[in-house]
file protein26.csv (CSV, C-alpha atoms and all ligand atoms)
chain,number,residue,atom,x,y,z
B,1,MET,CA,153.0,149.8,19.7
B,2,ASN,CA,150.1,147.7,21.0
B,3,HIS,CA,146.7,149.0,21.9
B,4,ALA,CA,147.2,148.9,25.7
B,5,ALA,CA,150.5,150.8,25.5
B,6,ALA,CA,148.9,153.4,23.2
B,7,VAL,CA,146.1,154.0,25.7
B,8,LEU,CA,148.6,154.2,28.5
B,9,LEU,CA,150.7,156.8,26.6
B,10,LEU,CA,147.6,158.9,25.8
B,11,VAL,CA,146.7,158.9,29.5
B,12,LEU,CA,150.2,159.8,30.6
B,13,LEU,CA,150.9,162.5,28.0
B,14,PRO,CA,148.9,165.4,29.6
B,15,ALA,CA,150.5,164.7,33.0
B,16,CYS,CA,153.9,165.0,31.3
B,17,GLY,CA,153.1,168.5,29.9
B,18,GLY,CA,153.2,167.1,26.5
B,19,VAL,CA,151.0,168.1,23.6
B,20,ARG,CA,147.5,167.3,24.6
B,21,PRO,CA,146.1,165.0,22.0
B,22,SER,CA,142.5,165.1,21.0
B,23,ALA,CA,140.4,162.7,23.0
B,24,PRO,CA,141.3,159.1,22.1
B,25,ALA,CA,138.9,157.4,19.7
B,26,ALA,CA,136.3,155.5,21.7
B,27,VAL,CA,137.4,151.9,22.2
B,28,PRO,CA,134.9,149.6,20.7
B,29,ALA,CA,133.4,147.4,23.5
B,30,SER,CA,134.4,144.3,21.7
B,31,ALA,CA,138.1,145.2,21.6
B,32,PRO,CA,140.1,143.2,24.2
B,33,LEU,CA,141.8,145.6,26.6
B,34,THR,CA,144.5,143.0,27.2
B,35,PRO,CA,145.8,140.4,24.8
B,36,SER,CA,144.6,136.9,25.6
B,37,PRO,CA,147.3,134.6,26.8
B,38,ALA,CA,149.2,132.5,24.2
B,39,ALA,CA,148.4,128.8,23.7
B,40,ALA,CA,150.7,126.2,25.1
B,41,THR,CA,151.6,125.2,21.5
B,42,GLU,CA,152.6,128.7,20.6
B,43,VAL,CA,155.2,129.4,23.3
B,44,GLU,CA,158.7,128.0,23.8
B,45,PRO,CA,158.8,124.4,25.0
B,46,LEU,CA,159.9,124.0,28.6
B,47,ALA,CA,161.8,120.8,27.6
B,48,ALA,CA,163.9,122.8,25.1
B,49,ALA,CA,164.8,125.3,27.8
B,50,ALA,CA,165.8,122.5,30.2
B,51,ALA,CA,167.7,120.2,27.7
B,52,PRO,CA,170.3,118.7,27.8
B,53,ALA,CA,170.7,119.0,31.6
B,54,ARG,CA,167.4,117.7,32.6
B,55,LEU,CA,164.1,116.3,31.4
B,56,VAL,CA,160.8,118.2,31.8
B,57,GLY,CA,157.6,116.2,31.7
B,58,ALA,CA,154.1,115.8,33.0
B,59,ALA,CA,151.6,113.1,34.0
B,60,VAL,CA,149.2,112.2,31.2
B,61,GLN,CA,146.1,110.1,30.8
B,62,ALA,CA,145.7,107.7,27.9
B,63,SER,CA,142.1,108.5,27.3
B,64,LEU,CA,142.8,112.2,27.0
B,65,LEU,CA,145.7,111.7,24.6
B,66,ARG,CA,143.3,109.6,22.5
B,67,THR,CA,140.2,111.9,22.6
B,68,GLU,CA,141.5,115.4,23.0
B,69,PRO,CA,143.8,116.7,20.2
B,70,ALA,CA,144.5,120.0,22.1
B,71,TYR,CA,145.6,118.0,25.1
B,72,ALA,CA,147.9,115.8,23.1
B,73,ALA,CA,149.3,118.7,21.0
B,74,ALA,CA,150.0,120.9,24.1
B,75,PHE,CA,151.8,118.0,25.9
B,76,ALA,CA,153.9,117.0,22.9
B,77,HIS,CA,154.9,120.6,22.2
B,78,GLN,CA,156.0,121.4,25.7
B,79,PHE,CA,157.5,118.2,27.3
B,80,ASP,CA,160.1,115.4,26.6
B,81,TYR,CA,159.3,113.1,29.6
B,82,VAL,CA,156.1,111.1,30.1
B,83,THR,CA,154.5,109.6,33.2
B,84,ALA,CA,151.2,107.7,33.2
B,85,GLU,CA,149.0,109.3,35.7
B,86,PHE,CA,147.4,106.0,36.7
B,87,GLU,CA,147.5,103.5,33.8
B,88,MET,CA,150.7,101.7,34.8
B,89,LYS,CA,149.6,101.0,38.4
B,90,TRP,CA,149.1,97.4,39.5
B,91,GLY,CA,145.5,98.2,40.6
B,92,GLN,CA,144.7,99.4,37.0
B,93,ILE,CA,146.6,96.6,35.2
B,94,GLU,CA,145.6,93.4,37.1
B,95,ARG,CA,142.1,93.8,38.5
B,96,GLN,CA,141.7,90.1,38.6
B,97,PRO,CA,144.6,87.7,39.5
B,98,GLY,CA,146.5,86.7,36.4
B,99,GLN,CA,144.4,88.8,34.0
B,100,ARG,CA,146.7,91.7,33.0
B,101,ASP,CA,145.5,94.6,30.8
B,102,TYR,CA,148.4,96.8,29.6
B,103,GLY,CA,146.3,98.4,26.8
B,104,ARG,CA,146.2,101.9,28.3
B,105,ALA,CA,149.8,101.7,29.4
B,106,ASP,CA,150.8,100.6,25.9
B,107,GLU,CA,148.9,103.6,24.5
B,108,ILE,CA,151.0,106.0,26.5
B,109,VAL,CA,154.2,104.2,25.7
B,110,ALA,CA,153.3,104.3,22.0
B,111,PHE,CA,152.5,108.0,22.1
B,112,ALA,CA,155.9,108.7,23.7
B,113,GLU,CA,157.9,106.5,21.4
B,114,ALA,CA,156.3,108.0,18.3
B,115,ARG,CA,157.6,111.4,19.4
B,116,GLY,CA,161.0,110.3,20.9
B,117,LEU,CA,159.9,111.2,24.4
B,118,ARG,CA,161.4,109.5,27.5
B,119,ILE,CA,159.1,107.5,29.7
B,120,LYS,CA,159.0,107.1,33.5
B,121,GLY,CA,157.1,104.1,34.8
B,122,HIS,CA,154.8,104.8,37.8
B,123,ALA,CA,154.4,103.0,40.1
B,124,LEU,CA,155.2,99.3,40.7
B,125,VAL,CA,154.4,99.1,44.4
B,126,TRP,CA,151.9,101.6,45.9
B,127,HIS,CA,149.2,101.0,48.5
B,128,GLY,CA,147.1,103.8,46.8
B,129,ASP,CA,146.3,101.7,43.7
B,130,SER,CA,146.9,98.0,44.3
B,131,PRO,CA,144.8,95.0,43.4
B,132,ALA,CA,142.1,94.5,46.1
B,133,TRP,CA,142.6,90.7,45.9
B,134,LEU,CA,146.0,91.0,47.5
B,135,GLU,CA,144.4,91.2,51.0
B,136,SER,CA,143.0,87.7,50.6
B,137,LEU,CA,146.4,86.1,49.8
B,138,SER,CA,148.8,84.5,52.3
B,139,PRO,CA,152.3,86.2,52.6
B,140,PRO,CA,154.0,83.6,50.3
B,141,GLU,CA,151.3,84.2,47.7
B,142,VAL,CA,151.7,88.0,48.0
B,143,ARG,CA,155.4,87.6,47.5
B,144,ILE,CA,154.9,85.5,44.4
B,145,ALA,CA,152.2,87.9,43.0
B,146,LEU,CA,154.4,90.9,43.6
B,147,GLU,CA,157.4,89.3,41.9
B,148,ASP,CA,155.3,88.3,38.9
B,149,HIS,CA,153.9,91.8,38.6
B,150,ILE,CA,157.3,93.5,38.7
B,151,ARG,CA,158.9,91.0,36.5
B,152,THR,CA,156.1,91.0,33.9
B,153,THR,CA,155.6,94.8,33.9
B,154,VAL,CA,159.2,95.9,33.9
B,155,GLY,CA,160.1,93.2,31.5
B,156,ARG,CA,157.4,94.2,29.1
B,157,TYR,CA,159.0,97.7,28.7
B,158,ARG,CA,162.6,96.7,29.1
B,159,GLY,CA,164.9,99.2,27.3
B,160,ARG,CA,161.9,101.4,26.6
B,161,ILE,CA,161.2,102.9,30.0
B,162,VAL,CA,164.2,104.8,31.4
B,163,ALA,CA,163.1,105.0,35.0
B,164,TRP,CA,160.7,103.4,37.4
B,165,ASP,CA,159.0,104.6,40.6
B,166,VAL,CA,159.6,101.2,42.2
B,167,VAL,CA,158.1,101.9,45.6
B,168,ASN,CA,155.8,104.9,46.3
B,169,GLU,CA,154.9,106.5,49.6
B,170,ALA,CA,156.2,103.7,52.0
B,171,ILE,CA,156.9,106.2,54.8
B,172,ALA,CA,154.1,106.9,57.3
B,173,ASP,CA,152.8,110.5,57.6
B,174,ASP,CA,152.7,110.2,61.4
B,175,ARG,CA,156.4,109.8,61.6
B,176,SER,CA,156.0,106.2,62.9
B,177,GLY,CA,158.3,104.6,60.3
B,178,LEU,CA,157.0,102.5,57.5
B,179,ARG,CA,153.3,103.1,56.4
B,180,ASP,CA,150.9,100.3,57.4
B,181,THR,CA,150.1,98.8,54.0
B,182,VAL,CA,149.2,95.3,52.7
B,183,TYR,CA,152.9,95.0,51.6
B,184,LEU,CA,154.2,95.7,55.1
B,185,ARG,CA,151.6,93.5,56.8
B,186,LYS,CA,152.1,90.5,54.5
B,187,LEU,CA,155.9,90.7,53.7
B,188,GLY,CA,157.5,92.8,56.4
B,189,PRO,CA,159.9,95.8,55.8
B,190,THR,CA,162.0,93.8,53.4
B,191,TYR,CA,159.3,94.2,50.7
B,192,ILE,CA,161.0,97.5,49.7
B,193,ALA,CA,164.4,96.0,49.0
B,194,GLU,CA,162.8,92.9,47.3
B,195,ALA,CA,160.9,95.2,44.9
B,196,PHE,CA,164.0,97.0,43.9
B,197,ARG,CA,166.0,93.8,43.4
B,198,ARG,CA,163.2,92.3,41.2
B,199,ALA,CA,162.9,95.4,39.2
B,200,HIS,CA,166.7,95.5,38.6
B,201,GLU,CA,166.7,91.9,37.5
B,202,ALA,CA,163.9,92.7,35.0
B,203,ASP,CA,165.7,95.7,33.5
B,204,PRO,CA,169.3,96.3,34.8
B,205,ASP,CA,169.6,99.6,32.8
B,206,ALA,CA,166.5,101.3,34.3
B,207,LEU,CA,166.9,104.0,36.9
B,208,LEU,CA,165.1,102.7,40.0
B,209,ILE,CA,163.5,105.4,42.2
B,210,TYR,CA,161.9,105.7,45.6
B,211,ASN,CA,159.1,108.3,45.4
B,212,ASP,CA,157.3,110.1,48.2
B,213,TYR,CA,155.5,113.3,49.2
B,214,GLY,CA,155.8,115.7,52.2
B,215,ALA,CA,159.5,115.0,52.3
B,216,GLU,CA,160.7,117.8,50.0
B,217,GLY,CA,162.2,120.1,52.6
B,218,ARG,CA,163.8,119.2,55.9
B,219,GLY,CA,161.9,117.5,58.8
B,220,ARG,CA,161.1,114.1,60.3
B,221,LYS,CA,159.5,112.6,57.2
B,222,SER,CA,162.3,113.9,55.0
B,223,ASP,CA,164.8,112.4,57.5
B,224,ASP,CA,162.9,109.1,57.4
B,225,VAL,CA,163.1,109.0,53.6
B,226,TYR,CA,166.8,109.9,53.7
B,227,ASN,CA,167.5,107.1,56.3
B,228,LEU,CA,165.4,104.6,54.3
B,229,VAL,CA,167.3,105.1,51.0
B,230,ARG,CA,170.7,105.2,52.8
B,231,ASP,CA,169.9,101.9,54.5
B,232,LEU,CA,168.8,100.4,51.1
B,233,GLN,CA,172.2,101.5,49.7
B,234,THR,CA,174.0,99.9,52.7
B,235,GLN,CA,172.2,96.6,51.9
B,236,GLY,CA,173.4,96.8,48.3
B,237,VAL,CA,169.9,97.4,47.0
B,238,PRO,CA,170.0,98.8,43.4
B,239,ILE,CA,168.4,102.2,44.1
B,240,GLY,CA,169.4,105.1,41.8
B,241,GLY,CA,167.2,108.0,42.7
B,242,VAL,CA,164.6,109.7,44.9
B,243,GLY,CA,161.4,111.4,43.7
B,244,LEU,CA,160.3,114.4,45.7
B,245,GLN,CA,156.6,114.7,44.6
B,246,MET,CA,156.2,118.5,45.3
B,247,HIS,CA,152.4,118.6,45.7
B,248,LEU,CA,152.5,122.1,47.3
B,249,ASP,CA,150.0,124.4,48.9
B,250,ALA,CA,151.1,127.9,48.3
B,251,ALA,CA,149.6,128.8,51.7
B,252,SER,CA,152.1,126.6,53.5
B,253,LEU,CA,155.3,125.9,51.7
B,254,PRO,CA,158.7,124.2,52.5
B,255,GLN,CA,161.6,126.7,52.4
B,256,ALA,CA,163.5,126.7,49.1
B,257,ALA,CA,166.7,126.5,51.1
B,258,ASP,CA,165.5,123.3,52.9
B,259,ILE,CA,164.5,121.7,49.6
B,260,ALA,CA,168.0,122.5,48.3
B,261,SER,CA,169.8,121.1,51.3
B,262,ASN,CA,167.6,118.0,51.2
B,263,MET,CA,168.3,117.5,47.5
B,264,ARG,CA,172.0,118.0,48.2
B,265,ARG,CA,172.2,115.4,51.0
B,266,LEU,CA,170.5,112.8,48.8
B,267,ALA,CA,172.9,113.7,46.0
B,268,GLU,CA,175.8,113.2,48.4
B,269,LEU,CA,174.6,109.6,48.8
B,270,GLY,CA,175.3,109.3,45.0
B,271,LEU,CA,171.6,109.3,44.1
B,272,LEU,CA,169.8,111.3,41.5
B,273,VAL,CA,166.8,113.4,42.6
B,274,ASN,CA,163.8,114.5,40.6
B,275,ILE,CA,160.8,116.6,41.2
B,276,SER,CA,158.2,113.9,40.4
B,277,GLU,CA,154.6,115.2,40.7
B,278,MET,CA,154.7,119.0,41.1
B,279,ASP,CA,151.5,121.1,41.3
B,280,VAL,CA,150.9,124.2,43.4
B,281,ARG,CA,147.5,124.8,45.0
B,282,VAL,CA,146.5,128.5,45.4
B,283,ALA,CA,142.8,128.3,46.6
B,284,ARG,CA,143.8,129.0,50.2
B,285,LEU,CA,145.8,132.1,49.4
B,286,PRO,CA,144.2,135.5,50.0
B,287,GLY,CA,143.5,138.0,47.2
B,288,SER,CA,142.2,138.0,43.7
B,289,LEU,CA,142.8,135.2,41.3
B,290,ALA,CA,145.4,137.3,39.4
B,291,THR,CA,147.2,137.9,42.7
B,292,ARG,CA,147.2,134.3,43.6
B,293,LEU,CA,148.4,133.2,40.1
B,294,GLU,CA,151.3,135.7,40.5
B,295,ASP,CA,152.1,134.1,43.9
B,296,GLN,CA,151.9,130.7,42.2
B,297,ARG,CA,154.4,131.9,39.5
B,298,ARG,CA,156.9,132.7,42.2
B,299,VAL,CA,156.5,129.3,43.9
B,300,TYR,CA,157.0,127.5,40.6
B,301,HIS,CA,160.0,129.7,39.8
B,302,ASP,CA,161.7,129.3,43.2
B,303,VAL,CA,161.3,125.5,43.4
B,304,VAL,CA,162.4,124.8,39.8
B,305,ALA,CA,165.3,127.1,40.4
B,306,VAL,CA,166.4,124.8,43.3
B,307,CYS,CA,166.4,121.9,40.9
B,308,VAL,CA,168.3,123.8,38.2
B,309,ALA,CA,170.9,124.7,40.8
B,310,GLU,CA,171.4,121.0,41.9
B,311,PRO,CA,173.4,119.1,39.3
B,312,ARG,CA,171.9,115.8,40.5
B,313,CYS,CA,168.3,117.0,40.0
B,314,HIS,CA,167.9,115.4,36.6
B,315,ALA,CA,164.2,115.7,35.9
B,316,ILE,CA,161.1,117.7,36.7
B,317,THR,CA,157.6,116.2,36.2
B,318,PHE,CA,154.4,118.2,36.8
B,319,TRP,CA,151.3,116.2,37.9
B,320,GLY,CA,149.3,117.2,34.9
B,321,PHE,CA,149.8,120.4,32.9
B,322,THR,CA,146.4,121.9,32.4
B,323,ASP,CA,143.9,123.1,35.1
B,324,ARG,CA,141.3,121.4,32.9
B,325,TYR,CA,142.4,118.0,34.4
B,326,SER,CA,143.9,117.8,37.8
B,327,TRP,CA,143.5,115.3,40.6
B,328,ILE,CA,143.5,118.3,42.9
B,329,ASP,CA,139.9,119.3,42.0
B,330,GLN,CA,138.5,115.9,43.2
B,331,PHE,CA,140.8,115.6,46.2
B,332,TYR,CA,141.0,119.1,47.6
B,333,GLY,CA,138.3,121.0,45.7
B,334,PRO,CA,138.4,123.6,42.8
B,335,ASP,CA,141.8,125.1,42.3
B,336,ASP,CA,144.2,126.3,39.6
B,337,PRO,CA,147.3,124.2,40.3
B,338,LEU,CA,149.1,123.8,37.0
B,339,LEU,CA,151.0,125.6,34.3
B,340,PHE,CA,148.3,126.1,31.6
B,341,ASP,CA,144.7,127.1,32.1
B,342,GLU,CA,141.5,125.1,31.2
B,343,ALA,CA,141.9,126.2,27.6
B,344,TYR,CA,145.6,125.2,27.4
B,345,ARG,CA,146.7,128.9,27.5
B,346,VAL,CA,149.8,130.1,29.3
B,347,LYS,CA,149.5,131.1,33.0
B,348,PRO,CA,152.1,133.1,35.0
B,349,ALA,CA,153.3,129.7,36.4
B,350,TYR,CA,154.6,128.7,33.0
B,351,ASN,CA,156.6,131.9,32.9
B,352,GLY,CA,158.0,131.2,36.3
B,353,VAL,CA,159.2,127.7,35.3
B,354,MET,CA,160.7,129.1,32.0
B,355,ASP,CA,162.5,131.9,33.8
B,356,ALA,CA,163.9,129.4,36.3
B,357,LEU,CA,165.0,127.0,33.6
B,358,ARG,CA,166.7,129.9,31.8
B,359,GLY,CA,168.4,131.0,35.0
B,360,ARG,CA,166.5,134.2,35.2
K,1,LIG,O1,139.1,107.9,33.6
K,1,LIG,C1,138.4,106.9,34.3
K,1,LIG,C2,137.0,107.0,33.9
K,1,LIG,O2,136.8,106.6,32.6
K,1,LIG,C3,136.2,105.9,34.8
K,1,LIG,O3,134.8,106.0,34.5
K,1,LIG,C4,136.5,106.3,36.3
K,1,LIG,C5,135.8,105.3,37.2
K,1,LIG,O4,136.5,104.0,37.1
K,1,LIG,O5,137.9,106.1,36.5
K,1,LIG,C6,138.6,107.1,35.8
K,1,LIG,O6,140.0,106.9,36.0
K,1,LIG,C7,140.4,107.3,37.3
K,1,LIG,C8,141.5,108.4,37.1
K,1,LIG,O7,142.0,108.8,38.4
K,1,LIG,C9,141.0,109.6,36.4
K,1,LIG,O8,140.1,110.3,37.2
K,1,LIG,C10,140.9,106.2,38.0
K,1,LIG,O9,139.9,105.3,38.3
K,1,LIG,C11,141.6,106.6,39.3
K,1,LIG,O10,142.2,105.5,40.0
K,1,LIG,C12,142.6,107.7,39.1
K,1,LIG,O11,143.2,108.1,40.3
K,1,LIG,C13,144.6,108.5,40.2
K,1,LIG,C14,145.2,108.1,41.6
K,1,LIG,O12,146.6,108.5,41.6
K,1,LIG,C15,145.1,106.6,41.9
K,1,LIG,O13,145.8,105.9,40.9
K,1,LIG,C16,144.8,109.9,39.9
K,1,LIG,O14,144.4,110.2,38.6
K,1,LIG,C17,146.2,110.3,40.1
K,1,LIG,O15,146.4,111.7,40.0
K,1,LIG,C18,146.8,109.9,41.4
K,1,LIG,O16,148.1,110.2,41.5
K,1,LIG,C19,148.9,109.9,42.7
K,1,LIG,C20,150.2,109.4,42.4
K,1,LIG,O17,150.1,108.2,41.6
K,1,LIG,C21,151.0,109.2,43.6
K,1,LIG,N1,151.2,110.4,44.4
K,1,LIG,C22,149.9,111.0,44.7
K,1,LIG,C23,149.1,111.3,43.5
K,1,LIG,C24,147.7,111.9,43.8
K,1,LIG,O18,146.9,111.1,44.5

call {"tool": "encode", "arguments": {"input": "protein26.csv", "output": "structure tokens", "more": "lines below"}}
Ligand code: G3I
result
Amino acid sequence: MNHAAAVLLLVLLPACGGVRPSAPAAVPASAPLTPSPAAATEVEPLAAAAAPARLVGAAVQASLLRTEPAYAAAFAHQFDYVTAEFEMKWGQIERQPGQRDYGRADEIVAFAEARGLRIKGHALVWHGDSPAWLESLSPPEVRIALEDHIRTTVGRYRGRIVAWDVVNEAIADDRSGLRDTVYLRKLGPTYIAEAFRRAHEADPDALLIYNDYGAEGRGRKSDDVYNLVRDLQTQGVPIGGVGLQMHLDAASLPQAADIASNMRRLAELGLLVNISEMDVRVARLPGSLATRLEDQRRVYHDVVAVCVAEPRCHAITFWGFTDRYSWIDQFYGPDDPLLFDEAYRVKPAYNGVMDALRGR
């Protein structure tokens, strides 16, 4: 019996008319009243609970894999699917025209291959991290630069990267259709189809994905994504999947039933779906941190359970895995969005994901 249970039993016994024990020995101040949470490396791997039906991964940073043994160990123990948080993006690779640096991307690929982990490439075409020099090029020059980028990058990892986020976040937030980006301005709406075709030529076996946020449940943006990928299919574009990023705020969530029906309608197009960048912000929730982390556990559980129930939901990727490093802190402010805390210890969110993967 552990210490906490013993104290509870001692407290309850008199109320139960049992034998009144002598006053419990004073608890030394240093004794922890509750056991500290287990480390990520000490608990069951999420990937093991999900296999073989689906992959479970997280976004990682090359510099952290290189410099933080605890980060690398926690990731390698828990996951079987790797996404570079930023190192594979065009803006990070080709800062000057023709001068490509794949060093950090190669580090992540090497880390994954050394451990038999699958790799998702992210992201070939994204306005959020593209070379600044594109703006100064003519449309034909942009087309050539984009083709070179896709051919070189996908070709470099041919047969080693199983899936690519080919185009990321091309749908506008204001429901006006395609987002106004350098690609749309220079190449017109066909840039999306062209990017998928070039990627397929460079690696015919890779799963090619359209990835977006704010389109997880049902609504105009989700309809816009659905219509976009259906039109691409109609044109014979080699698209194989859709990534639903799942950057959630626990204070304003899509309905689980809407996520399920959205996944199902994409699956009925013959596409795979994946949860591609999941994190759950809780700073805006009322209550204590403990209460908010319990709410967070339920959100992670309910969303992962939707994926587990959808046969065509083949992968789940969290956008980071420790609250020590999350883009959320810079973008939204301090929060606790991920599965493990700043010291790589288990949070209730991890238990929510594990329970969902186990069908509990
Ligand atoms: O680590 C370096 C540091 O050494 C350097 O001093 C500093 C200044 O150059 O940069 C640091 O790297 C930055 C990295 O975040 C880590 O903080 C990169 O410059 C910066 O570009 C990078 O931002 C990433 C962002 O995409 C843009 O690529 C975020 O990590 C990443 O979480 C975010 O992820 C996006 C997805 O790709 C698409 N969906 C939305 C999601 C969140 O914005």

call {"tool": "closest_atom_pairs", "arguments": {"input": "protein26.csv", "of": "range 17-121 of chain B", "to": "range 344-348 of chain B", "cutoff": "8 Å", "atoms": "all atoms listed in the file", "output": "JSON lines"}}
result
{"residue": "B:Pro37", "atom": "CA", "partner": "B:Val346", "partner_atom": "CA", "distance": 5.7}
{"residue": "B:Ala38", "atom": "CA", "partner": "B:Arg345", "partner_atom": "CA", "distance": 5.5}
{"residue": "B:Ala39", "atom": "CA", "partner": "B:Arg345", "partner_atom": "CA", "distance": 4.2}
{"residue": "B:Ala40", "atom": "CA", "partner": "B:Arg345", "partner_atom": "CA", "distance": 5.4}
{"residue": "B:Ala70", "atom": "CA", "partner": "B:Tyr344", "partner_atom": "CA", "distance": 7.5}
{"residue": "B:Tyr71", "atom": "CA", "partner": "B:Tyr344", "partner_atom": "CA", "distance": 7.6}
{"residue": "B:Ala74", "atom": "CA", "partner": "B:Tyr344", "partner_atom": "CA", "distance": 7.0}

call {"tool": "write_last_selection", "arguments": {"input": "protein26.csv", "atoms": "C-alpha atoms", "output": "mmCIF file, keeping the file's coordinate frame"}}
result
data_model
loop_
_atom_site.group_PDB
_atom_site.id
_atom_site.type_symbol
_atom_site.label_atom_id
_atom_site.label_comp_id
_atom_site.auth_asym_id
_atom_site.auth_seq_id
_atom_site.Cartn_x
_atom_site.Cartn_y
_atom_site.Cartn_z
ATOM 1 C CA PRO B 37 147.300 134.600 26.800
ATOM 2 C CA ALA B 38 149.200 132.500 24.200
ATOM 3 C CA ALA B 39 148.400 128.800 23.700
ATOM 4 C CA ALA B 40 150.700 126.200 25.100
ATOM 5 C CA ALA B 70 144.500 120.000 22.100
ATOM 6 C CA TYR B 71 145.600 118.000 25.100
ATOM 7 C CA ALA B 74 150.000 120.900 24.100
#

call {"tool": "closest_residue", "arguments": {"input": "protein26.csv", "among": "B:Tyr300, B:Tyr213, B:Tyr102, B:Tyr226", "to": "ligand LIG 1 (chain K)", "atoms": "all atoms listed in the file"}}
result
B:Tyr213

call {"tool": "residues_near_ligand", "arguments": {"input": "protein26.csv", "ligand": "ligand LIG 1 (chain K)", "cutoff": "10 Å", "atoms": "all atoms listed in the file", "output": "MDAnalysis selection string"}}
result
chainID B and resid 59:64 83:92 122:123 126:130 165 168:169 211:213 245:247 276:278 319:320 325:328 330:331

call {"tool": "closest_residue", "arguments": {"input": "protein26.csv", "among": "B:Val303, B:Pro69, B:Cys313, B:Ala283", "to": "Glu268 in chain B", "atoms": "only C-alpha atoms"}}
result
B:Cys313

call {"tool": "atom_distance", "arguments": {"input": "protein26.csv", "atom1": "CA of Glu107 in chain B", "atom2": "CA of Lys120 in chain B"}}
result
14.0 Å

call {"tool": "residues_around", "arguments": {"input": "protein26.csv", "residues": "Asp106 in chain B", "least_positions_apart": "2", "cutoff": "10 Å", "atoms": "all atoms listed in the file", "output": "PyMOL selection string"}}
result
chain B and resi 62+87-88+101-104+108-112+156-157

call {"tool": "atom_distance", "arguments": {"input": "protein26.csv", "atom1": "CA of Ser288 in chain B", "atom2": "CA of Leu357 in chain B"}}
result
27.3 Å

call {"tool": "build_atoms", "arguments": {"input": "protein26.csv", "residues": "range 90-94 of chain B", "atoms": "all heavy atoms", "output": "short mmCIF file (atom, residue, chain, number, x, y, z; two decimals), keeping the file's coordinate frame"}}
result
data_model
loop_
_atom_site.label_atom_id
_atom_site.label_comp_id
_atom_site.auth_asym_id
_atom_site.auth_seq_id
_atom_site.Cartn_x
_atom_site.Cartn_y
_atom_site.Cartn_z
N TRP B 90 149.50 98.85 39.42
CA TRP B 90 149.10 97.40 39.50
C TRP B 90 147.57 97.32 39.63
O TRP B 90 146.94 96.45 39.00
CB TRP B 90 149.78 96.80 40.73
CG TRP B 90 149.74 95.30 40.75
CD1 TRP B 90 149.20 94.47 39.81
CD2 TRP B 90 150.29 94.47 41.77
NE1 TRP B 90 149.35 93.15 40.19
CE2 TRP B 90 150.01 93.12 41.38
CE3 TRP B 90 150.97 94.70 42.95
CZ2 TRP B 90 150.40 92.03 42.17
CZ3 TRP B 90 151.35 93.60 43.74
CH2 TRP B 90 151.07 92.30 43.34
N GLY B 91 146.96 98.25 40.41
CA GLY B 91 145.50 98.20 40.60
C GLY B 91 144.76 98.42 39.29
O GLY B 91 143.60 98.01 39.14
N GLN B 92 145.38 99.10 38.32
CA GLN B 92 144.70 99.40 37.00
C GLN B 92 145.02 98.25 36.03
O GLN B 92 144.25 98.06 35.08
CB GLN B 92 145.26 100.70 36.47
CG GLN B 92 145.05 101.89 37.37
CD GLN B 92 143.60 102.34 37.44
OE1 GLN B 92 142.86 102.22 36.45
NE2 GLN B 92 143.19 102.82 38.57
N ILE B 93 146.15 97.57 36.20
CA ILE B 93 146.60 96.60 35.20
C ILE B 93 145.98 95.18 35.49
O ILE B 93 145.54 94.49 34.59
CB ILE B 93 148.13 96.48 35.20
CG1 ILE B 93 148.73 97.74 34.59
CG2 ILE B 93 148.62 95.24 34.46
CD1 ILE B 93 150.22 97.86 34.75
N GLU B 94 145.99 94.77 36.79
CA GLU B 94 145.60 93.40 37.10
C GLU B 94 144.45 93.36 38.08
O GLU B 94 144.60 92.99 39.25
CB GLU B 94 146.83 92.63 37.66
CG GLU B 94 146.65 91.13 37.74
CD GLU B 94 147.92 90.39 38.18
OE1 GLU B 94 148.98 91.03 38.43
OE2 GLU B 94 147.85 89.16 38.30
#
